Amino acid sequence: MATQLNPSSSTTTLISPSSFNQQSVKSISTKSRLVFKTQSNFNQKKQFELKSSNGSPLNAVSLHDVSSNMNESVLSSIKPLRRLFLISCYHCLLAFRVGAAEKPLAKETVVLPEETKTNLSVTVVGASGDLAKKKIFPALFALFYEGCLPQNFTIFGYARTKMTDEELREMISRTLTCRIDKRENCGDKMEEFLERCFYHSGQYGSEENFAELDTKLKQKEGGKLSNRLFYLSIPPDIFVDVVRCASERASSKTGWTRVIVEKPFGRDSESSGELTRSLKKYLAEEQIFRIDHYLGKELVENLSVLRFSNLVFEPLWSRNYIRSVQFIFSEDFGTEGRGGYFNNYGIIRDIMQNHLLQILALFAMETPVSLDAEDIRNEKVKVLRSMRQLKLEDVVVGQYKGHSKGGKTFLGYTEDPTVPNDSITPTFAAAALFIDNARWDGVPFLMKAGKALNTRRAEIRVQFRHVPGNLYKRNFGTDMDKATNELVLRVQPNEAIFLKINNKIPGLGMRLDRSDLNLLYSMRYPKEIPDAYERLLLDAIEGERRLFIRSDELDAAWSIFTPLLKELESNKIAPELYPYGSRGPVGAHYLAAKYNARWGDLAGDD
Ligand SMILES: NC(=O)C1=CN([C@@H]2O[C@H](COP(=O)(O)OP(=O)(O)OC[C@H]3O[C@@H](n4cnc5c(N)ncnc54)[C@H](OP(=O)(O)O)[C@@H]3O)[C@@H](O)[C@H]2O)C=CC1
Ligand SMILES: O=C1O[C@H](COP(=O)(O)O)[C@@H](O)[C@H](O)[C@H]1O
């Protein structure tokens, strides 16, 4: 196709603290978060209330008697890490509670002895950069505001730029915001947060500079057991240097050391494998948290809930009923400011090979044995390993060109000063992928990702088959495509789940139309949805790996895309040009049509 040039119920589950063992902590850590609360109608006994991660109660499973407080002996039977997790959840979920019954956090907080002996240090490496300012510091502040960080925590910024602690605070403070629905004490909280932020300037490959950081970290930790999290918010070519220096000179001697690595994890199978091998010289796999922030998005988290906790969906989840599945990402802006990075990667590596493929794996996996990270990741790997390598004839690539509209001119990709004039890096791609297993044999999984399009959105669209022998086909005219059901998970913006159904238009005649059963999050859940980085940072702090990418997942993901990327690059495949702000190259329509599908986002009735 390319041209060759050169919900929730209101019932609550209660767990008796006396039966609260490691296993229950483990299962809670993967399924839900915890709230400890004191309730007068339960004889003032402390109770553990299971809540979904957005604070709404989970469906009831059972109701146990509550017999004792969570005391030292219970805590001491729990491993230190779990204890820390338990404590942090305690703070966190107090804050997630909804409704008038919510009590001020500070009054309910019981500081457990273990917590006073532990310190968490988060070092943001590349603190002067875009991602750190835009996402990481604000997410850390949101966690602090929500009471999700432990009592003793320190945040360090590390980069080459010379800055004082005060200057870092000034830089961070410009990007901090309060949640719309939680402004109480926000200014004070910001002050408190900023007081815990410090800066160390150093080179990324200097062990000496990391040893200095270590000294500063130790000062702040004040002899407490130290847990250290390093967030690598830097270009990938310096990941290994930083990991070497941090692990050799600044890792914790008393607690855990973990490293969050930002994408890109390599450019292809070889470079990704090389990166993994290099990181593993200094870190165990359990210490590496490869982040894909799409996995932290609310609707992506909900995908498995929707599938596995609703009887109505899972039986339909196969080639028997599903005609095609579409994963759509679009942005209504170009590479503005990130052309240097982007030109070396392109949209397939930037969005498809990671964000969209991760969602696909979650969508298509078999039911995992449990919600434990390894069980889920095992299933994702199986799906990825069952996928066919992507072929050139199943791909369309595009690049945006300049466009003037309403007196405004939008520059084309190659007009961006950070991009070479003759660049053929794709800013748009559409692809048809296939999973060769019993469940999905023959079903096209269509992906589309593009920058500088007409709209910003990310969604999953499941198009179901026609109703066999549909009695009502005449009432629809000839366009049977219109008569199929479609389930849409709108990841962003305006999070929603809707199901397109056929319905009789009220009246004496018999005319049908398509209507939506619509779960619009802003109506159903008026609370602000936490940013993906908040969820993922909290998970990394708690040691929850479910939403991070394991090295074998990464290998399998690269295997699908690497041959295609090589072919595109070695044959210098020219992208189809599309105007800035348009719906993208027309080739994408032909690709969908080849597999008897139509892009759901372009149907005009969403
Ligand atoms: N920005 C975003 O929206 C997203 C970014 N990412 C990934 O996150 C990471 C950080 O992104 P972002 O903040 O945009 O990156 P930046 O380009 O802003 O780099 C972060 C910091 O790294 C240092 N740095 C930059 N270039 C070099 C270099 N060539 N050699 C050594 N140090 C350098 C700079 O700090 P100093 O000069 O002070 O040392 C800079 O402030 C990257 O891996 C990126 O791919 C992933 C998803 C989204
Ligand atoms: O990883 C990336 O994601 C952003 C889009 O993230 P979103 O959460 O704002 O949808 C994208 O702009 C960027 O190119 C890519 O590297």
# chains A, B, ... in the order shown; residues from 1 in each chain; ligands from 1
>>> residues_near_ligand(ligand="ligand 2", cutoff="10 Å", atoms="only C-alpha atoms and all ligand atoms", output="PyMOL selection string")
chain A and resi 131+135+262-264+291-294+296-297+329-336+338-339+341-342+345-347+349-352+354-355+427+450-451+456-458+491-493+531-533
>>> residues_around(residues="Lys220 of chain A", least_positions_apart="5", cutoff="9 Å", atoms="only C-alpha atoms", output="list in words")
Asn119, Ser121, Phe153, Thr154 and Thr215 of chain A
>>> closest_residue(among="A:Tyr231, A:Glu192, A:Cys186, A:Glu212", to="ligand 1", atoms="only C-alpha atoms and all ligand atoms")
A:Tyr231
>>> select_by_dssp(residues="segment 508-563 of chain A", states="helix (DSSP H, G or I)", output="mmCIF file with N, CA and C atoms, in the first residue's frame")
data_model
loop_
_atom_site.group_PDB
_atom_site.id
_atom_site.type_symbol
_atom_site.label_atom_id
_atom_site.label_comp_id
_atom_site.auth_asym_id
_atom_site.auth_seq_id
_atom_site.Cartn_x
_atom_site.Cartn_y
_atom_site.Cartn_z
ATOM 1 N N TYR A 521 -17.723 8.867 31.361
ATOM 2 C CA TYR A 521 -17.123 8.907 32.691
ATOM 3 C C TYR A 521 -17.411 10.203 33.435
ATOM 4 N N SER A 522 -17.414 11.317 32.716
ATOM 5 C CA SER A 522 -17.593 12.589 33.432
ATOM 6 C C SER A 522 -18.981 12.672 34.064
ATOM 7 N N MET A 523 -19.948 11.934 33.524
ATOM 8 C CA MET A 523 -21.293 11.929 34.118
ATOM 9 C C MET A 523 -21.367 10.915 35.257
ATOM 10 N N ARG A 524 -20.797 9.760 35.013
ATOM 11 C CA ARG A 524 -20.942 8.666 35.995
ATOM 12 C C ARG A 524 -19.975 8.825 37.176
ATOM 13 N N ALA A 532 -1.996 9.126 34.189
ATOM 14 C CA ALA A 532 -1.372 7.806 34.089
ATOM 15 C C ALA A 532 -0.062 7.740 34.875
ATOM 16 N N TYR A 533 0.696 8.831 34.865
ATOM 17 C CA TYR A 533 1.997 8.814 35.545
ATOM 18 C C TYR A 533 1.827 8.673 37.059
ATOM 19 N N GLU A 534 0.722 9.128 37.591
ATOM 20 C CA GLU A 534 0.491 8.966 39.038
ATOM 21 C C GLU A 534 0.353 7.487 39.376
ATOM 22 N N ARG A 535 -0.511 6.830 38.608
ATOM 23 C CA ARG A 535 -0.743 5.407 38.865
ATOM 24 C C ARG A 535 0.560 4.621 38.736
ATOM 25 N N LEU A 536 1.323 4.927 37.691
ATOM 26 C CA LEU A 536 2.519 4.130 37.417
ATOM 27 C C LEU A 536 3.616 4.403 38.439
ATOM 28 N N LEU A 537 3.749 5.663 38.837
ATOM 29 C CA LEU A 537 4.748 5.967 39.871
ATOM 30 C C LEU A 537 4.379 5.277 41.179
ATOM 31 N N LEU A 538 3.108 5.328 41.511
ATOM 32 C CA LEU A 538 2.673 4.672 42.746
ATOM 33 C C LEU A 538 2.941 3.169 42.669
ATOM 34 N N ASP A 539 2.645 2.580 41.516
ATOM 35 C CA ASP A 539 2.892 1.145 41.361
ATOM 36 C C ASP A 539 4.376 0.824 41.510
ATOM 37 N N ALA A 540 5.225 1.654 40.926
ATOM 38 C CA ALA A 540 6.671 1.386 41.025
ATOM 39 C C ALA A 540 7.110 1.500 42.489
ATOM 40 N N ILE A 541 6.566 2.464 43.194
ATOM 41 C CA ILE A 541 6.920 2.627 44.613
ATOM 42 C C ILE A 541 6.454 1.400 45.410
ATOM 43 N N GLU A 542 5.303 0.887 45.036
ATOM 44 C CA GLU A 542 4.752 -0.268 45.759
ATOM 45 C C GLU A 542 5.304 -1.599 45.263
ATOM 46 N N SER A 551 10.974 -7.977 29.969
ATOM 47 C CA SER A 551 11.894 -7.992 28.823
ATOM 48 C C SER A 551 11.428 -8.943 27.719
ATOM 49 N N ASP A 552 10.790 -10.064 28.087
ATOM 50 C CA ASP A 552 10.353 -10.972 27.009
ATOM 51 C C ASP A 552 9.171 -10.390 26.233
ATOM 52 N N GLU A 553 8.359 -9.556 26.896
ATOM 53 C CA GLU A 553 7.275 -8.856 26.180
ATOM 54 C C GLU A 553 7.876 -7.921 25.144
ATOM 55 N N LEU A 554 8.914 -7.241 25.596
ATOM 56 C CA LEU A 554 9.570 -6.270 24.734
ATOM 57 C C LEU A 554 10.183 -6.963 23.511
ATOM 58 N N ASP A 555 10.841 -8.082 23.752
ATOM 59 C CA ASP A 555 11.435 -8.837 22.630
ATOM 60 C C ASP A 555 10.357 -9.233 21.630
ATOM 61 N N ALA A 556 9.247 -9.751 22.182
ATOM 62 C CA ALA A 556 8.176 -10.219 21.292
ATOM 63 C C ALA A 556 7.587 -9.042 20.514
ATOM 64 N N ALA A 557 7.468 -7.899 21.175
ATOM 65 C CA ALA A 557 6.897 -6.719 20.506
ATOM 66 C C ALA A 557 7.800 -6.261 19.362
ATOM 67 N N TRP A 558 9.110 -6.241 19.622
ATOM 68 C CA TRP A 558 10.027 -5.809 18.562
ATOM 69 C C TRP A 558 10.051 -6.793 17.394
ATOM 70 N N SER A 559 9.882 -8.086 17.688
ATOM 71 C CA SER A 559 9.927 -9.081 16.594
ATOM 72 C C SER A 559 8.827 -8.821 15.573
ATOM 73 N N ILE A 560 7.706 -8.300 16.027
ATOM 74 C CA ILE A 560 6.590 -8.068 15.095
ATOM 75 C C ILE A 560 6.915 -6.916 14.140
ATOM 76 N N PHE A 561 7.604 -5.905 14.659
ATOM 77 C CA PHE A 561 7.798 -4.681 13.877
ATOM 78 C C PHE A 561 9.172 -4.553 13.202
ATOM 79 N N THR A 562 10.168 -5.239 13.728
ATOM 80 C CA THR A 562 11.528 -4.996 13.229
ATOM 81 C C THR A 562 11.702 -5.254 11.726
ATOM 82 N N PRO A 563 11.223 -6.393 11.184
ATOM 83 C CA PRO A 563 11.440 -6.606 9.742
ATOM 84 C C PRO A 563 10.803 -5.496 8.915
#
>>> closest_residue(among="A:Leu512, A:Leu433, A:Leu303, A:Ile497", to="Ala483 of chain A", atoms="only C-alpha atoms")
A:Leu512
>>> atom_distance(atom1="atom 17 (O, counted along the ligand's line) of ligand 1", atom2="atom CA of Gly398 of chain A")
24.6 Å
